[in-house]
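S.K.: To be precise about what I am sending: the file is called coords17.cif and holds mmCIF, C-alpha atoms and all ligand atoms.
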data_work
loop_
_atom_site.label_atom_id
_atom_site.label_comp_id
_atom_site.auth_asym_id
_atom_site.auth_seq_id
_atom_site.Cartn_x
_atom_site.Cartn_y
_atom_site.Cartn_z
CA MET A 1241 -14.08 120.00 84.37
CA GLY A 1242 -10.43 120.19 83.34
CA ARG A 1243 -8.70 117.85 81.00
CA GLN A 1244 -7.24 114.87 82.80
CA PRO A 1245 -3.73 114.01 81.81
CA LEU A 1246 -3.59 110.41 80.67
CA TRP A 1247 -0.39 109.43 82.40
CA ARG A 1248 0.38 109.71 86.04
CA ARG A 1249 3.95 110.33 86.92
CA VAL A 1250 5.72 107.86 89.13
CA ASP A 1251 9.21 108.20 90.62
CA PHE A 1252 9.47 104.81 92.12
CA ILE A 1253 8.47 101.25 91.44
CA PRO A 1254 8.73 98.87 94.36
CA HIS A 1255 11.16 96.04 93.83
CA ILE A 1256 9.04 93.63 95.76
CA THR A 1257 5.65 93.47 94.16
CA TYR A 1258 3.99 90.56 95.87
CA PHE A 1259 2.96 90.18 99.49
CA LYS A 1260 1.35 87.05 100.81
CA PRO A 1261 -0.09 86.17 104.20
CA THR A 1262 1.37 83.05 105.75
CA GLY A 1263 -0.78 80.04 106.52
CA VAL A 1264 -3.29 80.51 103.73
CA PRO A 1265 -3.37 77.64 101.27
CA ALA A 1266 -2.74 78.85 97.74
CA ALA A 1267 -6.12 77.57 96.61
CA HIS A 1268 -7.86 79.82 99.12
CA LEU A 1269 -5.66 82.81 98.70
CA GLN A 1270 -7.39 85.90 97.42
CA GLU A 1271 -5.45 88.66 95.80
CA VAL A 1272 -5.77 92.42 95.92
CA ARG A 1273 -4.29 94.31 93.03
CA LEU A 1274 -2.61 97.57 93.76
CA SER A 1275 -1.64 99.64 90.74
CA VAL A 1276 1.77 101.25 90.58
CA GLU A 1277 0.14 104.67 90.87
CA GLU A 1278 -1.70 103.61 94.00
CA ALA A 1279 1.55 102.41 95.50
CA GLU A 1280 3.12 105.74 94.56
CA ALA A 1281 0.24 107.65 96.17
CA ILE A 1282 0.78 105.76 99.43
CA ARG A 1283 4.52 106.32 99.21
CA LEU A 1284 4.26 110.07 98.74
CA LYS A 1285 1.49 110.72 101.21
CA ASP A 1286 1.95 108.15 103.94
CA LEU A 1287 5.64 107.34 103.74
CA GLN A 1288 7.10 110.70 102.79
CA GLY A 1289 4.34 112.66 104.53
CA LEU A 1290 3.84 115.19 101.76
CA GLU A 1291 0.73 117.36 101.46
CA GLN A 1292 -1.88 116.11 99.01
CA GLU A 1293 -1.32 119.15 96.82
CA GLU A 1294 2.37 118.36 96.58
CA CYS A 1295 1.73 114.69 95.86
CA ALA A 1296 -0.71 115.57 93.11
CA GLN A 1297 1.84 117.89 91.53
CA LYS A 1298 4.56 115.27 91.66
CA MET A 1299 2.30 112.76 89.97
CA ASN A 1300 1.09 115.29 87.45
CA ILE A 1301 -2.56 114.81 88.35
CA SER A 1302 -5.31 116.91 89.93
CA ARG A 1303 -5.82 116.92 93.67
CA THR A 1304 -9.17 115.22 93.26
CA THR A 1305 -7.62 112.43 91.25
CA PHE A 1306 -4.88 112.07 93.79
CA ALA A 1307 -7.37 111.87 96.65
CA ARG A 1308 -9.29 109.17 94.82
CA LEU A 1309 -6.11 107.24 94.09
CA LEU A 1310 -5.00 107.44 97.70
CA GLY A 1311 -8.43 106.40 98.92
CA SER A 1312 -8.54 103.30 96.77
CA ALA A 1313 -4.95 102.44 97.65
CA ARG A 1314 -5.68 102.59 101.38
CA GLU A 1315 -8.87 100.62 100.96
CA ARG A 1316 -7.12 97.85 99.09
CA MET A 1317 -4.29 97.65 101.58
CA ALA A 1318 -6.75 97.52 104.46
CA ASP A 1319 -8.73 94.83 102.70
CA ALA A 1320 -5.57 92.77 102.21
CA LEU A 1321 -4.28 93.22 105.76
CA LEU A 1322 -7.53 92.63 107.57
CA ASN A 1323 -8.95 89.94 105.35
CA GLY A 1324 -5.69 88.08 104.87
CA LYS A 1325 -5.36 88.61 101.15
CA ALA A 1326 -2.24 88.80 99.07
CA ILE A 1327 -1.23 92.12 97.53
CA LYS A 1328 0.05 92.27 94.01
CA ILE A 1329 1.46 95.56 92.80
CA GLU A 1330 1.18 95.85 89.08
CA GLY A 1331 -0.10 97.69 86.08
CA GLY A 1332 -1.74 101.04 85.79
CA ASN A 1333 -1.29 104.05 83.60
CA PHE A 1334 1.89 105.79 84.51
CA GLU A 1335 5.13 107.10 83.18
CA MET A 1336 8.43 106.85 84.94
CA ALA A 1337 9.94 110.17 85.83
CA LEU A 1338 13.37 108.62 85.43
CA ARG A 1339 14.87 105.86 83.45
CA ARG A 1340 18.10 104.20 84.49
CA PHE A 1341 20.71 103.10 81.97
CA ARG A 1342 23.88 101.07 82.14
CA CYS A 1343 26.68 100.62 79.63
CA ASP A 1344 28.80 97.53 79.00
CA ASN A 1345 31.57 99.01 81.12
CA GLY A 1346 29.36 99.24 84.15
CA HIS A 1347 28.59 102.96 84.22
CA GLU A 1348 25.05 103.78 85.29
CA TRP A 1349 23.11 106.96 84.91
CA ASP A 1350 19.55 108.27 85.06
CA VAL A 1351 17.71 109.88 82.20
CA PRO A 1352 14.71 112.13 82.93
CA PHE A 1353 11.50 111.26 81.18
CA GLU A 1354 11.47 114.49 79.18
CA VAL A 1355 14.89 113.67 77.76
CA MET A 1356 13.78 110.14 76.94
CA ILE A 1357 11.00 111.56 74.81
CA ASN A 1358 13.10 114.09 72.95
CA SER A 1359 16.44 112.38 72.60
CA PRO A 1360 16.87 108.95 74.14
CA PRO A 1361 20.53 108.29 74.95
CA GLN A 1362 22.66 106.56 72.31
CA PHE A 1363 26.00 106.53 74.10
CA CYS A 1364 27.31 106.22 77.62
CA PRO A 1365 28.04 109.77 78.85
CA THR A 1366 31.15 108.53 80.68
CA CYS A 1367 32.94 106.25 78.20
CA ASN A 1368 30.96 106.93 75.03
CA THR A 1369 30.26 103.31 74.22
CA PRO A 1370 27.08 102.74 72.23
CA SER A 1371 26.54 99.43 74.09
CA ILE A 1372 24.00 100.70 76.55
CA MET A 1373 20.83 99.26 77.94
CA ALA A 1374 17.87 100.48 79.92
CA LEU A 1375 17.98 98.91 83.35
CA TRP A 1376 15.05 100.20 85.18
CA PRO A 1377 12.21 99.68 85.68
CA TRP A 1378 12.69 96.59 83.53
CA GLY A 1379 14.50 95.58 80.42
CA PRO A 1380 14.19 97.18 77.04
CA GLY A 1381 11.48 99.54 76.01
CA TRP A 1382 10.85 102.49 78.20
CA GLY A 1383 8.66 104.46 80.39
CA ARG A 1384 5.09 103.40 80.20
CA GLY A 1385 3.39 100.67 82.12
CA GLY A 1386 -0.05 99.22 81.75
CA ARG A 1387 -0.96 99.98 78.19
CA GLY A 1388 1.62 99.62 75.47
CA ARG A 1389 3.49 96.67 76.77
CA ARG A 1390 5.14 95.21 73.75
CA PRO A 1391 5.72 91.56 73.03
CA GLY A 1392 9.06 90.60 74.48
CA GLY A 1393 9.41 94.12 75.77
CA GLY A 1394 10.37 92.95 79.21
CA TYR A 1395 7.59 94.38 81.29
CA ASN A 1396 6.25 92.20 84.00
CA TRP A 1397 2.66 92.97 83.23
ZN ZN A 1401 30.33 103.76 80.13
#
Can the structure from this file be put into structure tokens for me?
M.R.:
Amino acid sequence: MGRQPLWRRVDFIPHITYFKPTGVPAAHLQEVRLSVEEAEAIRLKDLQGLEQEECAQKMNISRTTFARLLGSARERMADALLNGKAIKIEGGNFEMALRRFRCDNGHEWDVPFEVMINSPPQFCPTCNTPSIMALWPWGPGWGRGGRGRRPGGGYNW
């Protein structure tokens, strides 16, 4: 059995992360949790129509792991749709393939994960101001969801 990489790679985090059926009183509402990786698995396979092999490569995981991820994602979505449960997309173990930055003068640019690790940007590449901030996925801190959220680090989970 090969070594499993710890982090799954994710290119996209949905902006809307909560779905709720209408007509269900909050007290009776049950919630299904979909991890960010599961959402990504659905996006790559079902929305973009890629082959499993390709999806697995993009997420930096084995095909078996991808198949399992996709299976649980579909199961949870089916459970939510058919049983009238809310879906909350959150958490998981993943790294963003890209990180988006913006400077005080409004320039925005993307920084690949590999660059973030080796030399996180200090200046805006367009106007050279050091007043830059990470925009995306959320706030300060970078890259890794689930584990490692830091106090006040701006992650939603
Ligand atoms: Zn700038």
S.K.: Can you tell me which residues sit at most 12 Å away from ligand ZN 1401 (chain A), counting all atoms listed in the file, written as a ChimeraX atom specification?
M.R.: /A:1341-1349,1361-1373
S.K.: Which of these, A:Ala1374, A:Leu1321, A:Ile1329, A:Ala1313, has the shortest distance to A:Val1276 once you count only C-alpha atoms?
M.R.: A:Ile1329
S.K.: Rounded to one decimal, what separation in Å do you get between atom CA of A:Ser1302 and atom CA of A:Lys1285?
M.R.: 14.6 Å
S.K.: How many Å separate atom CA of A:Leu1338 from atom CA of A:Glu1291?
M.R.: 22.2 Å
S.K.: For A:Lys1260, which residue out of A:Leu1284, A:Ile1327, A:Ile1301, A:Leu1322 is the nearest one, using all atoms listed in the file?
M.R.: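 The answer is A:Ile1327, which sits nearest to A:Lys1260.
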S.K.: Select from stretch 1273-1367 of chain A every residue with an atom at most 10 Å from any atom of stretch 1248-1251 of chain A, then for each give the shortest pair of atoms and their distance in Å to one decimal, using only C-alpha atoms, rows by chain and rising number, as JSON lines.
M.R.:
{"residue": "A:Val1276", "atom": "CA", "partner": "A:Val1250", "partner_atom": "CA", "distance": 7.8}
{"residue": "A:Glu1277", "atom": "CA", "partner": "A:Val1250", "partner_atom": "CA", "distance": 6.7}
{"residue": "A:Glu1278", "atom": "CA", "partner": "A:Val1250", "partner_atom": "CA", "distance": 9.8}
{"residue": "A:Ala1279", "atom": "CA", "partner": "A:Val1250", "partner_atom": "CA", "distance": 9.4}
{"residue": "A:Glu1280", "atom": "CA", "partner": "A:Val1250", "partner_atom": "CA", "distance": 6.4}
{"residue": "A:Ala1281", "atom": "CA", "partner": "A:Val1250", "partner_atom": "CA", "distance": 8.9}
{"residue": "A:Arg1283", "atom": "CA", "partner": "A:Asp1251", "partner_atom": "CA", "distance": 10.0}
{"residue": "A:Leu1284", "atom": "CA", "partner": "A:Asp1251", "partner_atom": "CA", "distance": 9.7}
{"residue": "A:Ala1296", "atom": "CA", "partner": "A:Arg1248", "partner_atom": "CA", "distance": 9.2}
{"residue": "A:Gln1297", "atom": "CA", "partner": "A:Arg1249", "partner_atom": "CA", "distance": 9.1}
{"residue": "A:Lys1298", "atom": "CA", "partner": "A:Arg1249", "partner_atom": "CA", "distance": 6.9}
{"residue": "A:Met1299", "atom": "CA", "partner": "A:Arg1249", "partner_atom": "CA", "distance": 4.2}
{"residue": "A:Asn1300", "atom": "CA", "partner": "A:Arg1249", "partner_atom": "CA", "distance": 5.7}
{"residue": "A:Ile1301", "atom": "CA", "partner": "A:Arg1248", "partner_atom": "CA", "distance": 6.3}
{"residue": "A:Ser1302", "atom": "CA", "partner": "A:Arg1248", "partner_atom": "CA", "distance": 10.0}
{"residue": "A:Thr1305", "atom": "CA", "partner": "A:Arg1248", "partner_atom": "CA", "distance": 9.9}
{"residue": "A:Phe1306", "atom": "CA", "partner": "A:Arg1248", "partner_atom": "CA", "distance": 9.7}
{"residue": "A:Gly1332", "atom": "CA", "partner": "A:Arg1248", "partner_atom": "CA", "distance": 8.9}
{"residue": "A:Asn1333", "atom": "CA", "partner": "A:Arg1248", "partner_atom": "CA", "distance": 6.4}
{"residue": "A:Phe1334", "atom": "CA", "partner": "A:Arg1248", "partner_atom": "CA", "distance": 4.5}
{"residue": "A:Glu1335", "atom": "CA", "partner": "A:Arg1249", "partner_atom": "CA", "distance": 5.1}
{"residue": "A:Met1336", "atom": "CA", "partner": "A:Val1250", "partner_atom": "CA", "distance": 5.1}
{"residue": "A:Ala1337", "atom": "CA", "partner": "A:Asp1251", "partner_atom": "CA", "distance": 5.2}
{"residue": "A:Leu1338", "atom": "CA", "partner": "A:Asp1251", "partner_atom": "CA", "distance": 6.7}
{"residue": "A:Arg1339", "atom": "CA", "partner": "A:Asp1251", "partner_atom": "CA", "distance": 9.4}
{"residue": "A:Phe1353", "atom": "CA", "partner": "A:Arg1249", "partner_atom": "CA", "distance": 9.5}
S.K.: In Å, with one decimal, what is the gap from atom CA of A:Ile1256 to atom CA of A:Gly1331?
M.R.: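 Interatomic distance, atom CA of A:Ile1256 to atom CA of A:Gly1331: 13.9 Å.
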S.K.: What's the 12 Å shell around A:Pro1265, counting all atoms listed in the file, without same-chain residues fewer than 3 positions away, as a list in words?
M.R.: Lys1260, Pro1261, Thr1262, His1268, Leu1269, Gln1270, Gly1324, Lys1325 and Ala1326 of chain A
S.K.: Which residue, A:Met1317, A:Leu1274, A:Ile1253, A:Val1264, has the smallest gap to A:Glu1330 when you use all atoms listed in the file?
M.R.: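 Among the listed residues, A:Leu1274 lies closest to A:Glu1330.
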S.K.: Would you save stretch 1312-1340 of chain A to a file, keeping N, CA, C and O atoms, as a compact mmCIF listing (two decimals), in the first residue's frame?
M.R.:
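Final output, saved to result.txt:
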# COMPACT_ATOMS: atom_id res chain seq x y z
N SER A 1312 -18.62 9.14 -1.23
CA SER A 1312 -19.22 9.69 -0.02
C SER A 1312 -19.86 11.04 -0.32
O SER A 1312 -20.89 11.39 0.24
N ALA A 1313 -19.28 11.79 -1.25
CA ALA A 1313 -19.87 13.07 -1.63
C ALA A 1313 -21.26 12.86 -2.24
O ALA A 1313 -22.22 13.54 -1.87
N ARG A 1314 -21.37 11.90 -3.16
CA ARG A 1314 -22.65 11.65 -3.81
C ARG A 1314 -23.68 11.15 -2.81
O ARG A 1314 -24.85 11.52 -2.86
N GLU A 1315 -23.23 10.31 -1.91
CA GLU A 1315 -24.13 9.76 -0.91
C GLU A 1315 -24.69 10.86 -0.01
O GLU A 1315 -25.88 10.90 0.28
N ARG A 1316 -23.82 11.76 0.39
CA ARG A 1316 -24.28 12.85 1.26
C ARG A 1316 -25.23 13.78 0.54
O ARG A 1316 -26.21 14.25 1.11
N MET A 1317 -24.92 14.07 -0.72
CA MET A 1317 -25.80 14.96 -1.47
C MET A 1317 -27.15 14.30 -1.69
O MET A 1317 -28.20 14.95 -1.58
N ALA A 1318 -27.15 13.02 -1.97
CA ALA A 1318 -28.41 12.30 -2.17
C ALA A 1318 -29.21 12.29 -0.87
O ALA A 1318 -30.43 12.52 -0.87
N ASP A 1319 -28.53 12.04 0.21
CA ASP A 1319 -29.18 12.03 1.52
C ASP A 1319 -29.86 13.38 1.78
O ASP A 1319 -31.02 13.44 2.19
N ALA A 1320 -29.12 14.46 1.50
CA ALA A 1320 -29.67 15.80 1.74
C ALA A 1320 -30.87 16.07 0.84
O ALA A 1320 -31.92 16.52 1.30
N LEU A 1321 -30.72 15.77 -0.46
CA LEU A 1321 -31.79 16.08 -1.41
C LEU A 1321 -33.04 15.27 -1.12
O LEU A 1321 -34.15 15.78 -1.13
N LEU A 1322 -32.87 13.99 -0.89
CA LEU A 1322 -34.03 13.11 -0.77
C LEU A 1322 -34.63 13.12 0.62
O LEU A 1322 -35.82 12.86 0.77
N ASN A 1323 -33.84 13.40 1.61
CA ASN A 1323 -34.38 13.43 2.97
C ASN A 1323 -34.58 14.84 3.49
O ASN A 1323 -34.83 15.04 4.68
N GLY A 1324 -34.44 15.82 2.60
CA GLY A 1324 -34.72 17.20 3.00
C GLY A 1324 -33.80 17.74 4.08
O GLY A 1324 -34.25 18.38 5.01
N LYS A 1325 -32.51 17.45 3.94
CA LYS A 1325 -31.56 17.96 4.92
C LYS A 1325 -30.77 19.13 4.33
O LYS A 1325 -30.64 19.25 3.12
N ALA A 1326 -30.26 19.94 5.22
CA ALA A 1326 -29.41 21.04 4.77
C ALA A 1326 -28.02 20.49 4.44
O ALA A 1326 -27.61 19.45 4.95
N ILE A 1327 -27.31 21.19 3.57
CA ILE A 1327 -25.94 20.80 3.25
C ILE A 1327 -25.02 21.92 3.69
O ILE A 1327 -25.22 23.08 3.33
N LYS A 1328 -24.02 21.56 4.45
CA LYS A 1328 -23.03 22.53 4.86
C LYS A 1328 -21.69 22.09 4.31
O LYS A 1328 -21.24 20.97 4.60
N ILE A 1329 -21.07 22.94 3.52
CA ILE A 1329 -19.76 22.59 2.96
C ILE A 1329 -18.69 23.20 3.84
O ILE A 1329 -18.63 24.43 4.00
N GLU A 1330 -17.89 22.38 4.43
CA GLU A 1330 -16.86 22.93 5.31
C GLU A 1330 -15.81 21.90 5.64
O GLU A 1330 -16.01 20.70 5.52
N GLY A 1331 -14.68 22.40 6.07
CA GLY A 1331 -13.64 21.58 6.66
C GLY A 1331 -12.98 20.62 5.71
O GLY A 1331 -13.13 20.69 4.50
N GLY A 1332 -12.22 19.72 6.28
CA GLY A 1332 -11.50 18.75 5.48
C GLY A 1332 -10.01 18.99 5.53
O GLY A 1332 -9.53 19.91 6.19
N ASN A 1333 -9.29 18.13 4.88
CA ASN A 1333 -7.84 18.28 4.82
C ASN A 1333 -7.45 18.58 3.39
O ASN A 1333 -7.40 17.71 2.56
N PHE A 1334 -7.17 19.82 3.12
CA PHE A 1334 -6.87 20.16 1.74
C PHE A 1334 -5.93 21.35 1.71
O PHE A 1334 -5.75 22.06 2.69
N GLU A 1335 -5.30 21.52 0.57
CA GLU A 1335 -4.52 22.72 0.36
C GLU A 1335 -5.05 23.39 -0.89
O GLU A 1335 -5.45 22.73 -1.84
N MET A 1336 -5.05 24.69 -0.90
CA MET A 1336 -5.47 25.41 -2.08
C MET A 1336 -4.35 25.38 -3.09
O MET A 1336 -3.20 25.59 -2.76
N ALA A 1337 -4.72 25.12 -4.35
CA ALA A 1337 -3.71 25.15 -5.39
C ALA A 1337 -3.29 26.59 -5.67
O ALA A 1337 -2.18 26.85 -6.09
N LEU A 1338 -4.18 27.52 -5.41
CA LEU A 1338 -3.88 28.93 -5.68
C LEU A 1338 -4.29 29.78 -4.50
O LEU A 1338 -5.24 29.49 -3.81
N ARG A 1339 -3.59 30.85 -4.34
CA ARG A 1339 -3.99 31.81 -3.33
C ARG A 1339 -4.08 33.17 -4.00
O ARG A 1339 -3.19 33.55 -4.75
N ARG A 1340 -5.15 33.89 -3.75
CA ARG A 1340 -5.34 35.18 -4.40
C ARG A 1340 -4.94 36.31 -3.46
O ARG A 1340 -5.26 36.29 -2.29
